[in-house]
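Enquirer: My structure file start16.cif, mmCIF, C-alpha atoms, is below:
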```cif
data_upload
#
loop_
_atom_site.label_atom_id
_atom_site.label_comp_id
_atom_site.auth_asym_id
_atom_site.auth_seq_id
_atom_site.Cartn_x
_atom_site.Cartn_y
_atom_site.Cartn_z
CA MET Z 1 -2.83 52.93 -41.01
CA ARG Z 2 0.13 54.25 -42.88
CA VAL Z 3 2.87 52.03 -44.07
CA LEU Z 4 6.31 53.49 -43.67
CA THR Z 5 8.72 52.50 -46.34
CA VAL Z 6 12.44 52.82 -46.11
CA PRO Z 7 13.59 54.98 -49.00
CA ALA Z 8 15.58 53.44 -51.79
CA THR Z 9 18.66 55.15 -50.42
CA ALA Z 10 18.78 52.80 -47.42
CA TYR Z 11 22.00 50.97 -47.80
CA ASP Z 12 22.00 48.29 -45.18
CA ASP Z 13 22.48 45.42 -47.55
CA VAL Z 14 24.48 47.23 -50.15
CA PRO Z 15 28.22 47.42 -49.77
CA TYR Z 16 29.06 51.08 -49.86
CA THR Z 17 31.89 52.35 -51.95
CA ARG Z 18 30.82 55.92 -52.60
CA GLY Z 19 33.34 57.30 -50.13
CA GLY Z 20 35.94 54.91 -51.42
CA ALA Z 21 37.74 54.17 -48.15
CA VAL Z 22 36.36 50.97 -46.69
CA ASP Z 23 33.82 48.76 -48.32
CA ARG Z 24 31.51 47.99 -45.44
CA ALA Z 25 31.37 44.36 -46.51
CA ASP Z 26 35.10 44.10 -45.81
CA VAL Z 27 34.95 45.38 -42.25
CA GLY Z 28 34.55 41.91 -40.76
CA ALA Z 29 37.52 40.60 -42.72
CA LEU Z 30 39.64 43.61 -41.74
CA VAL Z 31 38.83 43.10 -38.07
CA GLN Z 32 39.82 39.45 -38.35
CA SER Z 33 43.11 40.35 -40.07
CA ALA Z 34 43.85 42.95 -37.40
CA VAL Z 35 43.20 40.34 -34.69
CA ASP Z 36 45.69 38.12 -36.50
CA GLY Z 37 48.35 40.80 -36.37
CA ASP Z 38 47.93 42.68 -39.64
CA ALA Z 39 48.69 46.34 -38.86
CA ALA Z 40 47.69 47.42 -42.37
CA ALA Z 41 44.21 46.02 -41.78
CA TRP Z 42 43.99 48.05 -38.57
CA LYS Z 43 45.06 51.15 -40.45
CA ALA Z 44 42.38 50.54 -43.07
CA LEU Z 45 39.79 50.25 -40.30
CA VAL Z 46 40.94 53.56 -38.84
CA GLU Z 47 40.85 55.26 -42.24
CA GLY Z 48 37.42 53.88 -43.06
CA LEU Z 49 35.68 54.33 -39.73
CA SER Z 50 37.35 57.40 -38.20
CA PRO Z 51 34.93 59.81 -39.89
CA LEU Z 52 32.02 57.85 -38.43
CA VAL Z 53 33.42 58.03 -34.88
CA TRP Z 54 34.22 61.73 -35.31
CA SER Z 55 30.75 62.45 -36.69
CA VAL Z 56 29.07 60.76 -33.74
CA VAL Z 57 31.17 62.73 -31.27
CA ARG Z 58 30.50 66.00 -33.12
CA ALA Z 59 26.81 65.20 -33.34
CA HIS Z 60 26.77 65.38 -29.56
CA ARG Z 61 28.26 68.90 -29.61
CA LEU Z 62 31.24 68.16 -27.44
CA SER Z 63 33.93 70.80 -27.04
CA ASP Z 64 37.11 70.24 -29.02
CA ALA Z 65 38.97 68.93 -25.97
CA ASP Z 66 36.20 66.56 -24.96
CA ALA Z 67 35.68 65.43 -28.54
CA HIS Z 68 39.37 64.56 -28.87
CA GLU Z 69 39.34 62.56 -25.65
CA VAL Z 70 36.21 60.66 -26.48
CA TYR Z 71 37.47 59.85 -29.98
CA GLN Z 72 40.69 58.45 -28.49
CA THR Z 73 38.90 56.52 -25.77
CA VAL Z 74 36.70 54.87 -28.39
CA TRP Z 75 39.66 53.74 -30.50
CA PHE Z 76 41.68 52.59 -27.49
CA ARG Z 77 38.77 50.49 -26.34
CA PHE Z 78 38.21 49.12 -29.82
CA ALA Z 79 41.87 48.03 -29.98
CA GLN Z 80 41.53 46.47 -26.56
CA ASN Z 81 38.38 44.60 -27.52
CA LEU Z 82 39.40 43.62 -31.06
CA GLY Z 83 39.45 39.89 -30.50
CA ARG Z 84 36.33 39.96 -28.34
CA ILE Z 85 33.90 41.68 -30.68
CA ARG Z 86 31.14 39.19 -31.32
CA GLU Z 87 30.08 40.42 -34.73
CA PRO Z 88 33.19 41.81 -36.44
CA GLN Z 89 31.22 42.81 -39.53
CA LYS Z 90 29.31 45.21 -37.29
CA ALA Z 91 32.43 46.93 -35.98
CA GLY Z 92 31.09 50.23 -37.31
CA ALA Z 93 27.99 49.93 -35.17
CA TRP Z 94 30.17 48.92 -32.19
CA LEU Z 95 32.29 52.05 -32.62
CA ALA Z 96 29.27 54.28 -33.15
CA SER Z 97 27.56 52.93 -30.06
CA THR Z 98 30.70 53.28 -27.92
CA ALA Z 99 31.17 56.85 -29.18
CA ARG Z 100 27.58 57.64 -28.29
CA HIS Z 101 27.84 56.26 -24.78
CA GLU Z 102 31.12 58.02 -24.05
CA SER Z 103 29.72 61.28 -25.45
CA LEU Z 104 26.64 61.00 -23.26
CA LYS Z 105 28.87 60.41 -20.22
CA VAL Z 106 30.76 63.60 -20.96
CA LEU Z 107 27.53 65.56 -21.27
CA LYS Z 108 26.37 64.07 -17.98
CA SER Z 109 29.55 65.06 -16.16
CA LEU Z 110 29.38 68.57 -17.64
CA ARG Z 111 25.84 68.98 -16.37
CA ARG Z 112 26.94 67.92 -12.93
CA MET Z 113 29.96 70.11 -12.67
CA THR Z 114 28.95 73.24 -14.54
CA PRO Z 115 25.17 73.49 -14.66
CA THR Z 116 25.35 76.94 -16.26
CA ASP Z 117 27.49 75.80 -19.16
CA ASP Z 118 26.37 77.56 -22.29
CA PRO Z 119 25.97 74.97 -25.04
CA GLN Z 120 26.44 77.67 -27.65
CA LEU Z 121 30.03 78.05 -26.57
CA LEU Z 122 30.58 74.51 -27.77
CA ASP Z 123 28.95 75.29 -31.03
CA ARG Z 124 31.67 76.58 -33.23
CA VAL Z 125 33.39 75.28 -36.26
CA SER Z 126 37.07 74.65 -35.83
CA GLU Z 127 39.08 77.56 -37.16
CA ASP Z 128 42.04 75.45 -38.10
CA ARG Z 129 42.55 75.50 -41.80
CA THR Z 130 42.50 72.09 -43.37
CA PRO Z 131 44.45 71.23 -46.51
CA GLU Z 132 41.19 71.00 -48.40
CA GLN Z 133 40.27 74.43 -47.17
CA SER Z 134 43.51 75.92 -48.39
CA VAL Z 135 42.93 74.42 -51.82
CA ILE Z 136 39.59 76.11 -52.16
CA ASP Z 137 40.99 79.43 -51.05
CA SER Z 138 41.83 80.45 -54.58
CA GLU Z 139 39.79 83.32 -55.95
CA GLU Z 140 37.70 81.27 -58.35
CA ALA Z 141 36.77 79.06 -55.44
CA ALA Z 142 35.75 81.89 -53.13
CA ALA Z 143 32.14 81.54 -54.20
CA GLU Z 144 32.21 77.81 -53.56
CA SER Z 145 33.69 78.45 -50.16
CA GLU Z 146 30.91 80.91 -49.36
CA ARG Z 147 28.33 78.40 -50.51
CA ILE Z 148 29.70 75.73 -48.18
CA ARG Z 149 29.80 78.19 -45.33
CA ARG Z 150 26.12 79.05 -45.84
CA LEU Z 151 25.15 75.42 -46.11
CA TRP Z 152 26.93 74.73 -42.83
CA GLN Z 153 25.34 77.69 -41.13
CA GLU Z 154 21.84 76.59 -42.07
CA PHE Z 155 22.66 73.04 -40.99
CA GLU Z 156 23.86 74.30 -37.60
CA GLU Z 157 20.59 76.13 -37.08
CA LEU Z 158 18.39 73.11 -37.64
CA GLY Z 159 16.56 71.68 -34.65
CA GLU Z 160 18.83 69.67 -32.38
CA ARG Z 161 17.71 66.22 -33.48
CA CYS Z 162 17.89 66.96 -37.19
CA ARG Z 163 21.30 68.48 -36.68
CA GLN Z 164 22.41 65.33 -34.84
CA LEU Z 165 21.09 62.95 -37.44
CA LEU Z 166 22.56 64.83 -40.38
CA ARG Z 167 25.94 65.21 -38.67
CA VAL Z 168 26.15 61.43 -38.31
CA LEU Z 169 24.99 60.84 -41.88
CA MET Z 170 27.79 63.12 -43.09
CA ALA Z 171 30.43 60.55 -42.20
CA SER Z 172 32.41 59.43 -45.20
CA PRO Z 173 31.86 56.77 -46.48
CA PRO Z 174 28.17 57.12 -45.62
CA PRO Z 175 27.22 55.09 -42.55
CA SER Z 176 24.78 52.21 -42.73
CA TYR Z 177 21.44 52.73 -41.03
CA GLN Z 178 22.53 50.15 -38.47
CA GLU Z 179 25.48 52.39 -37.61
CA VAL Z 180 23.29 55.49 -37.47
CA SER Z 181 20.94 53.61 -35.16
CA ALA Z 182 23.83 52.70 -32.85
CA ALA Z 183 25.15 56.26 -32.98
CA LEU Z 184 21.94 57.93 -31.94
CA GLY Z 185 19.88 55.27 -30.21
CA ILE Z 186 17.02 55.50 -32.69
CA ALA Z 187 15.31 52.62 -34.47
CA VAL Z 188 16.68 51.61 -37.87
CA GLY Z 189 13.21 51.77 -39.38
CA SER Z 190 12.71 55.41 -38.47
CA ILE Z 191 15.98 56.68 -39.90
CA GLY Z 192 14.88 56.82 -43.54
CA PRO Z 193 11.80 58.95 -42.95
CA LEU Z 194 13.62 61.17 -40.46
CA ARG Z 195 16.47 61.67 -42.86
CA GLN Z 196 14.11 62.78 -45.62
CA ARG Z 197 12.33 65.08 -43.26
CA CYS Z 198 15.52 66.71 -42.01
CA LEU Z 199 17.03 67.10 -45.45
CA ARG Z 200 13.80 68.64 -46.71
CA ARG Z 201 13.87 71.10 -43.84
CA LEU Z 202 17.40 72.05 -44.64
CA ARG Z 203 16.51 72.44 -48.32
CA ALA Z 204 13.63 74.74 -47.37
CA ARG Z 205 15.89 76.89 -45.20
CA LEU Z 206 18.42 77.21 -47.98
CA ASP Z 207 15.74 78.09 -50.50
CA ALA Z 208 14.35 80.70 -48.16
CA ARG Z 209 17.76 82.33 -47.94
CA GLY Z 210 18.29 82.10 -51.66
CA ALA Z 211 21.45 80.16 -50.95
CA LEU Z 212 22.81 77.38 -53.15
CA MET G 1 19.08 78.31 -30.49
CA ASN G 2 16.13 79.52 -32.45
CA ALA G 3 14.88 76.25 -33.79
CA LYS G 4 13.90 74.08 -30.85
CA HIS G 5 10.39 73.83 -32.22
CA GLU G 6 11.72 71.84 -35.14
CA ASP G 7 12.56 68.95 -32.91
CA ASP G 8 9.25 67.20 -33.30
CA PHE G 9 10.31 63.99 -34.87
CA ASP G 10 7.09 62.12 -34.47
CA GLY G 11 5.06 63.86 -37.16
CA ARG G 12 5.11 61.84 -40.34
CA GLU G 13 2.89 63.89 -42.53
CA ASP G 14 5.48 64.36 -45.21
CA VAL G 15 6.68 60.81 -45.62
CA HIS G 16 4.66 60.44 -48.76
CA HIS G 17 6.46 63.22 -50.57
CA ASP G 18 9.67 61.25 -50.65
CA ASP G 19 9.49 60.78 -54.39
CA GLU G 20 9.41 64.49 -55.04
CA PHE G 21 12.58 65.32 -53.21
CA ASP G 22 15.90 63.60 -53.56
CA GLY G 23 17.79 64.28 -50.40
CA GLY G 24 20.74 62.25 -51.60
CA LEU G 25 22.30 65.17 -53.41
CA LEU G 26 21.96 67.49 -50.44
CA GLU G 27 23.35 64.82 -48.14
CA GLU G 28 26.32 64.47 -50.44
CA GLU G 29 26.87 68.24 -50.33
CA LEU G 30 26.77 68.14 -46.55
CA ARG G 31 29.30 65.34 -46.58
CA GLY G 32 31.57 67.50 -48.71
CA ALA G 33 31.08 70.46 -46.37
CA ALA G 34 31.95 68.33 -43.34
CA ALA G 35 35.14 67.18 -45.04
CA VAL G 36 36.16 70.83 -45.42
CA LEU G 37 34.82 72.43 -42.24
CA ASP G 38 34.90 69.65 -39.64
CA PRO G 39 37.20 66.82 -40.73
CA VAL G 40 38.79 64.27 -38.41
CA PRO G 41 41.88 66.07 -37.06
CA ALA G 42 44.99 64.49 -38.55
CA GLU G 43 46.67 63.98 -35.17
CA LEU G 44 43.66 62.03 -33.95
CA ARG G 45 43.84 59.73 -36.95
CA ARG G 46 47.49 59.08 -36.13
CA ILE G 47 46.70 58.31 -32.50
CA ALA G 48 44.01 55.85 -33.60
CA VAL G 49 46.47 54.13 -35.94
CA ASP G 50 48.99 53.90 -33.09
CA ALA G 51 46.32 52.47 -30.81
CA TYR G 52 46.87 49.12 -32.51
CA ALA G 53 49.68 48.68 -29.98
CA LEU G 54 47.00 48.44 -27.27
CA HIS G 55 45.74 45.24 -28.80
CA ASP G 56 47.02 42.75 -26.27
CA LEU G 57 45.72 39.23 -26.43
CA ASP G 58 47.74 38.09 -23.45
CA ALA G 59 46.20 40.47 -20.95
CA ARG G 60 42.91 39.73 -19.31
CA LEU G 61 40.34 42.46 -19.72
CA ALA G 62 38.68 43.85 -16.61
CA GLU G 63 35.32 45.22 -17.64
CA LEU G 64 33.75 48.33 -16.19
CA THR G 65 30.86 47.15 -14.04
CA PHE G 66 30.12 50.34 -12.09
CA ASP G 67 30.62 53.99 -12.99
CA SER G 68 29.27 56.59 -10.58
CA LEU G 69 28.74 58.92 -13.52
CA VAL G 70 26.14 56.54 -14.90
CA ASP G 71 25.05 54.29 -12.07
CA ALA G 72 24.95 56.58 -9.03
CA ILE G 73 22.31 59.12 -8.16
CA PRO G 74 23.93 62.53 -7.76
CA VAL G 75 23.61 64.22 -4.38
CA ARG G 76 22.06 67.64 -4.74
CA GLY G 77 24.60 70.40 -4.21
CA VAL G 78 27.59 68.09 -4.38
CA THR G 79 29.38 69.07 -7.54
CA ASP G 80 32.80 67.58 -6.99
CA ALA G 81 31.92 64.03 -5.95
CA PRO G 82 34.77 61.63 -6.75
CA ARG G 83 34.35 59.39 -9.74
CA MET G 84 33.92 55.83 -8.47
CA LEU G 85 34.70 53.00 -10.83
CA THR G 86 34.62 49.24 -10.48
CA PHE G 87 36.26 46.87 -12.91
CA ARG G 88 35.87 43.13 -12.84
CA SER G 89 37.62 40.21 -14.46
CA GLY G 90 36.52 36.83 -13.20
CA GLU G 91 37.16 36.75 -9.46
CA LEU G 92 39.28 39.89 -9.51
CA THR G 93 37.72 43.24 -8.70
CA VAL G 94 39.40 46.63 -8.89
CA ASP G 95 37.73 49.58 -7.17
CA VAL G 96 39.03 52.99 -8.22
CA GLU G 97 38.28 56.48 -7.02
CA VAL G 98 39.39 59.43 -9.13
CA THR G 99 39.52 62.89 -7.57
CA ALA G 100 41.31 66.11 -8.46
CA GLN G 101 44.00 65.04 -5.99
CA GLY G 102 44.74 61.74 -7.59
CA LEU G 103 43.68 58.19 -7.84
CA MET G 104 43.19 55.57 -5.15
CA GLY G 105 41.67 52.16 -4.94
CA GLN G 106 41.80 48.56 -3.92
CA VAL G 107 42.34 45.21 -5.57
CA LEU G 108 40.03 42.46 -4.32
CA PRO G 109 40.53 39.78 -3.15
CA PRO G 110 43.30 41.68 -1.29
CA GLN G 111 46.69 41.08 -2.88
CA PRO G 112 49.82 42.99 -3.80
CA ALA G 113 50.06 44.27 -7.36
CA ARG G 114 52.10 46.54 -9.57
CA ILE G 115 49.80 48.99 -11.31
CA GLU G 116 50.67 51.09 -14.33
CA VAL G 117 48.48 54.06 -15.19
CA LEU G 118 48.29 54.11 -18.98
CA GLY G 119 47.39 57.27 -20.87
CA GLY G 120 47.63 56.17 -24.48
CA PRO G 121 49.36 53.81 -26.89
CA GLN G 122 52.86 55.08 -26.21
CA PRO G 123 53.21 56.53 -22.75
CA ALA G 124 56.89 57.41 -22.34
CA ALA G 125 56.96 56.19 -18.77
CA PRO G 126 53.62 55.29 -17.25
CA ASP G 127 53.02 56.18 -13.62
CA THR G 128 53.47 53.06 -11.58
CA LEU G 129 51.68 52.43 -8.32
CA THR G 130 52.03 49.59 -5.87
CA ALA G 131 49.13 47.88 -4.16
CA ASP G 132 50.00 46.70 -0.63
CA ALA G 133 49.13 43.31 0.87
CA MET G 134 45.60 44.60 1.47
CA GLY G 135 45.36 45.45 -2.22
CA ARG G 136 45.22 49.19 -1.53
CA PHE G 137 46.91 51.67 -3.82
CA ALA G 138 47.09 55.45 -4.21
CA GLY G 139 48.72 57.89 -6.61
CA HIS G 140 49.00 61.64 -6.52
CA VAL G 141 48.54 62.22 -10.21
CA ALA G 142 44.93 62.29 -11.38
CA PRO G 143 44.57 60.82 -14.83
CA SER G 144 43.27 63.31 -17.36
CA GLY G 145 41.78 62.14 -20.60
CA PRO G 146 41.65 58.49 -21.56
CA PHE G 147 43.27 56.10 -19.12
CA ALA G 148 43.51 52.43 -18.24
CA LEU G 149 45.20 50.50 -15.46
CA ARG G 150 47.50 47.58 -16.17
CA LEU G 151 47.84 45.34 -13.15
CA ARG G 152 50.46 42.68 -12.67
CA THR G 153 49.51 40.35 -9.90
CA GLY G 154 50.39 36.75 -9.21
CA GLY G 155 51.95 36.23 -12.64
CA GLU G 156 48.92 37.60 -14.40
CA VAL G 157 48.35 40.76 -16.39
CA VAL G 158 44.95 42.43 -16.18
CA VAL G 159 44.03 45.61 -18.03
CA THR G 160 41.00 47.71 -17.22
CA GLU G 161 38.72 48.92 -19.97
CA TRP G 162 39.73 52.26 -21.41
CA LEU G 163 37.84 55.12 -19.97
CA ARG G 164 37.84 58.88 -20.04
CA ALA G 165 38.62 60.23 -16.57
#
```
Please re-express this file's structure in structure tokens.
Expert:
Amino acid sequence: MRVLTVPATAYDDVPYTRGGAVDRADVGALVQSAVDGDAAAWKALVEGLSPLVWSVVRAHRLSDADAHEVYQTVWFRFAQNLGRIREPQKAGAWLASTARHESLKVLKSLRRMTPTDDPQLLDRVSEDRTPEQSVIDSEEAAAESERIRRLWQEFEELGERCRQLLRVLMASPPPSYQEVSAALGIAVGSIGPLRQRCLRRLRARLDARGAL
Amino acid sequence: MNAKHEDDFDGREDVHHDDEFDGGLLEEELRGAAAVLDPVPAELRRIAVDAYALHDLDARLAELTFDSLVDAIPVRGVTDAPRMLTFRSGELTVDVEVTAQGLMGQVLPPQPARIEVLGGPQPAAPDTLTADAMGRFAGHVAPSGPFALRLRTGGEVVVTEWLRA
């Protein structure tokens, strides 16, 4: 029998500061401060956990309109439930799980109303130019821009479950495995191996195209 | 959709090669790409910050206990079935039906109530409905997007869980 080991990159017990926004260890304290009326704490929660919520919604391939509505619903409900969340330090997992359930509801209602809906129509990158995009528009950065575009293209063409997992992992700061588990309904213990597998697949695709 | 065959997640044959490949760098590149190509829209961030106003410790929360989208078996061929929702807070139940024509429902046990239809943190003037003595209410505007109902009844304020219509 094989023993599965979680790779050293599993960060459940390590406070994560790589993305710099919210140290996961502080989430519980921020929730408590927000309950007590501290609007700045709420803002810090939004800044730190918005990318996670957005990543979960996008991982489910919702249209822009649906994605916007689900994202809002999740935050409205979080505000409403602030003082009732049993484990404030797991607010990230709470948000991820709520985003997942609301996303699945949307997919269910779409299937009921428009059975012929073409999922590929939902599968486009927003064409709005972001500030960061404008910055890299300079000529020297054109190559970098092309590189990112290729990376994204290969990512989009991964199998559905790899694409979902990687889209959630892309949240910044990186989500904990507990949050990924809540976002996708998969066991914490399987995330490490799956992550390696999916990243290796992506690497192979990129190598095959001679990209990066 | 050319890659469905890659969905087999159960195979674990390559777990043991983990040492040879550091996915961390690639993951970090993906994170950078997402920040450029698919970031959280700025207006959504603002709405989430404003949502703090929805934090209301004085109101009782009525939890969603039935949602036809999840709990009902669809009838074959019926594609425009109304969305049926039930919220509950203690003894109080609110049944809601959302159709393209609007919203109707009943407060139980039967009692009059003033009902505001909320659409976000700062609705300029929320639609207000009135439940009659039987607890019945109806409105001709169907909520679109996230919504919640704020009921004032017998000196109490009850808010339903936020939901996407």
Enquirer: Can you list every residue of chain Z that has an atom at most 8 Å from chain G, with its nearest atom pair and the distance in Å to one decimal, using only C-alpha atoms, ordered by chain then number, as a Markdown table?
Expert:
```
| residue | atom | partner | partner_atom | distance |
| --- | --- | --- | --- | --- |
| Z:Leu4 | CA | G:Val15 | CA | 7.6 |
| Z:Pro7 | CA | G:Asp18 | CA | 7.6 |
| Z:Thr9 | CA | G:Gly24 | CA | 7.5 |
| Z:Ala39 | CA | G:Tyr52 | CA | 7.2 |
| Z:Trp42 | CA | G:Tyr52 | CA | 6.8 |
| Z:Lys43 | CA | G:Val49 | CA | 5.6 |
| Z:Val46 | CA | G:Val49 | CA | 6.3 |
| Z:Glu47 | CA | G:Arg45 | CA | 7.5 |
| Z:Ser50 | CA | G:Arg45 | CA | 7.0 |
| Z:Pro51 | CA | G:Val40 | CA | 6.1 |
| Z:Trp54 | CA | G:Val40 | CA | 6.1 |
| Z:His68 | CA | G:Leu44 | CA | 7.1 |
| Z:Glu69 | CA | G:Gly145 | CA | 5.6 |
| Z:Val70 | CA | G:Arg164 | CA | 6.9 |
| Z:Tyr71 | CA | G:Leu44 | CA | 7.7 |
| Z:Gln72 | CA | G:Ala48 | CA | 6.6 |
| Z:Thr73 | CA | G:Pro146 | CA | 5.4 |
| Z:Trp75 | CA | G:Ala48 | CA | 5.7 |
| Z:Phe76 | CA | G:Ala51 | CA | 5.7 |
| Z:Arg77 | CA | G:Trp162 | CA | 5.3 |
| Z:Ala79 | CA | G:His55 | CA | 4.9 |
| Z:Gln80 | CA | G:His55 | CA | 4.9 |
| Z:Asn81 | CA | G:His55 | CA | 7.5 |
| Z:Leu82 | CA | G:His55 | CA | 6.9 |
| Z:Gly83 | CA | G:Leu57 | CA | 7.5 |
| Z:Glu102 | CA | G:Arg164 | CA | 7.9 |
| Z:Lys105 | CA | G:Leu69 | CA | 6.9 |
| Z:Lys108 | CA | G:Leu69 | CA | 7.2 |
| Z:Ser109 | CA | G:Leu69 | CA | 6.7 |
| Z:Arg112 | CA | G:Thr79 | CA | 6.0 |
| Z:Met113 | CA | G:Thr79 | CA | 5.3 |
| Z:Gln120 | CA | G:Met1 | CA | 7.9 |
| Z:Val125 | CA | G:Asp38 | CA | 6.7 |
| Z:Ser126 | CA | G:Asp38 | CA | 6.7 |
| Z:Thr130 | CA | G:Val36 | CA | 6.8 |
| Z:Glu132 | CA | G:Val36 | CA | 5.8 |
| Z:Gln133 | CA | G:Val36 | CA | 5.7 |
| Z:Ile148 | CA | G:Ala33 | CA | 5.7 |
| Z:Arg149 | CA | G:Ala33 | CA | 7.9 |
| Z:Leu151 | CA | G:Leu30 | CA | 7.5 |
| Z:Trp152 | CA | G:Ala33 | CA | 6.9 |
| Z:Glu157 | CA | G:Ala3 | CA | 6.6 |
| Z:Leu158 | CA | G:Ala3 | CA | 6.1 |
| Z:Gly159 | CA | G:Glu6 | CA | 4.9 |
| Z:Glu160 | CA | G:Asp7 | CA | 6.3 |
| Z:Arg161 | CA | G:Asp7 | CA | 5.9 |
| Z:Cys162 | CA | G:Asp7 | CA | 7.1 |
| Z:Leu166 | CA | G:Glu27 | CA | 7.8 |
| Z:Leu169 | CA | G:Glu27 | CA | 7.6 |
| Z:Met170 | CA | G:Arg31 | CA | 4.4 |
| Z:Ala171 | CA | G:Arg31 | CA | 6.6 |
| Z:Ser172 | CA | G:Arg31 | CA | 6.8 |
| Z:Pro193 | CA | G:Val15 | CA | 6.1 |
| Z:Leu194 | CA | G:Phe9 | CA | 7.1 |
| Z:Gln196 | CA | G:Gly23 | CA | 6.2 |
| Z:Arg197 | CA | G:Asp14 | CA | 7.2 |
| Z:Leu199 | CA | G:Gly23 | CA | 5.7 |
| Z:Arg200 | CA | G:Gly23 | CA | 7.0 |
| Z:Arg203 | CA | G:Leu26 | CA | 7.7 |
```
Enquirer: Quick one: residues within 6 Å of G:Val96, all atoms listed in the file counted, chain neighbours fewer than 4 positions away excluded, as a ChimeraX atom specification?
Expert: /G:84-85,104-105
Enquirer: Applied to this file, what does the PyMOL selection byres ((chain G and resi 150) around 6) return in terms of residues, put as an mmCIF file with C-alpha atoms, in the coordinates of the input?
Expert:
```cif
data_model
loop_
_atom_site.group_PDB
_atom_site.id
_atom_site.type_symbol
_atom_site.label_atom_id
_atom_site.label_comp_id
_atom_site.auth_asym_id
_atom_site.auth_seq_id
_atom_site.Cartn_x
_atom_site.Cartn_y
_atom_site.Cartn_z
ATOM 1 C CA ILE G 115 49.800 48.990 -11.310
ATOM 2 C CA GLU G 116 50.670 51.090 -14.330
ATOM 3 C CA LEU G 149 45.200 50.500 -15.460
ATOM 4 C CA LEU G 151 47.840 45.340 -13.150
ATOM 5 C CA VAL G 158 44.950 42.430 -16.180
ATOM 6 C CA VAL G 159 44.030 45.610 -18.030
#
```
Enquirer: I want to know what sits within 8 Å of G:Val94, based on only C-alpha atoms, with residues of the same chain fewer than 4 positions away left out; could you give that as a PyMOL selection string?
Expert: chain G and resi 86-88+105-108
Enquirer: Determine the residue membership of the PyMOL selection byres ((chain Z and resi 28) around 10) for the file above and supply it as a list of chain:residue names.
Expert: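 What the PyMOL selection byres ((chain Z and resi 28) around 10) grabs from the file is Z:Arg24, Z:Ala25, Z:Asp26, Z:Val27, Z:Ala29, Z:Leu30, Z:Val31, Z:Gln32, Z:Ser33, Z:Ala34, Z:Leu45, Z:Glu87, Z:Pro88, Z:Gln89, Z:Lys90, Z:Ala91, Z:Gly92.
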Enquirer: For G:Leu118, which residue among G:Glu91, G:Asp71, G:Val157, G:Pro143 is the nearest when counting all atoms listed in the file?
Expert: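 Answer, going by the shortest atom-to-atom distance: G:Pro143.
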Enquirer: Provide the atom CA of G:Ala142 to atom CA of G:Thr130 distance in Å, to one decimal place.
Expert: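 Computing the Euclidean distance for atom CA of G:Ala142 and atom CA of G:Thr130 yields 15.6 Å.
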Enquirer: Excluding Z:Val106 and residues on its chain fewer than 4 positions from it, collect all residues at most 8 Å away from it, counting only C-alpha atoms, and give them as JSON, numbers by chain.
Expert: {"Z": [62, 66, 102, 110]}
Enquirer: May I have the residues from that selection written out with C-alpha atoms, as a PDB file, in the coordinates of the input?
Expert:
```pdb
ATOM      1  CA  LEU Z  62      31.240  68.160 -27.440  1.00  0.00           C
ATOM      2  CA  ASP Z  66      36.200  66.560 -24.960  1.00  0.00           C
ATOM      3  CA  GLU Z 102      31.120  58.020 -24.050  1.00  0.00           C
ATOM      4  CA  LEU Z 110      29.380  68.570 -17.640  1.00  0.00           C
TER       5      LEU Z 110
END
```
Enquirer: One decimal, Å: what's the distance from atom CA of Z:Glu179 over to atom CA of G:Ala62, could you say?
Expert: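 It comes out at 26.2 Å.
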Enquirer: What's the separation between atom CA of Z:Leu165 and atom CA of Z:Val56, in Å to one decimal place?
Expert: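 Separation between atom CA of Z:Leu165 and atom CA of Z:Val56: 9.1 Å.
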Enquirer: Measuring atom to atom with all atoms listed in the file, identify which of Z:Arg111, Z:Arg150, Z:Arg86, Z:Arg58 is nearest to Z:Arg205.
Expert: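 Ranking Z:Arg111, Z:Arg150, Z:Arg86, Z:Arg58 by distance to Z:Arg205, first place goes to Z:Arg150.
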Enquirer: Determine the nearest neighbour of Z:Ser176 from the options Z:Glu146, Z:Ala96, Z:Val35, Z:Leu206, counting all atoms listed in the file.
Expert: Z:Ala96
Enquirer: Check the smallest atom-to-atom distance from each of G:Thr128, G:Gln122, G:Thr153, G:Ser89 to G:Leu103 using all atoms listed in the file, then report the winner.
Expert: G:Thr128
Enquirer: Pull out every residue that the PyMOL selection byres ((chain G and resi 154) around 10) matches in the shown coordinates and put them as a count of residues only.
Expert: 10
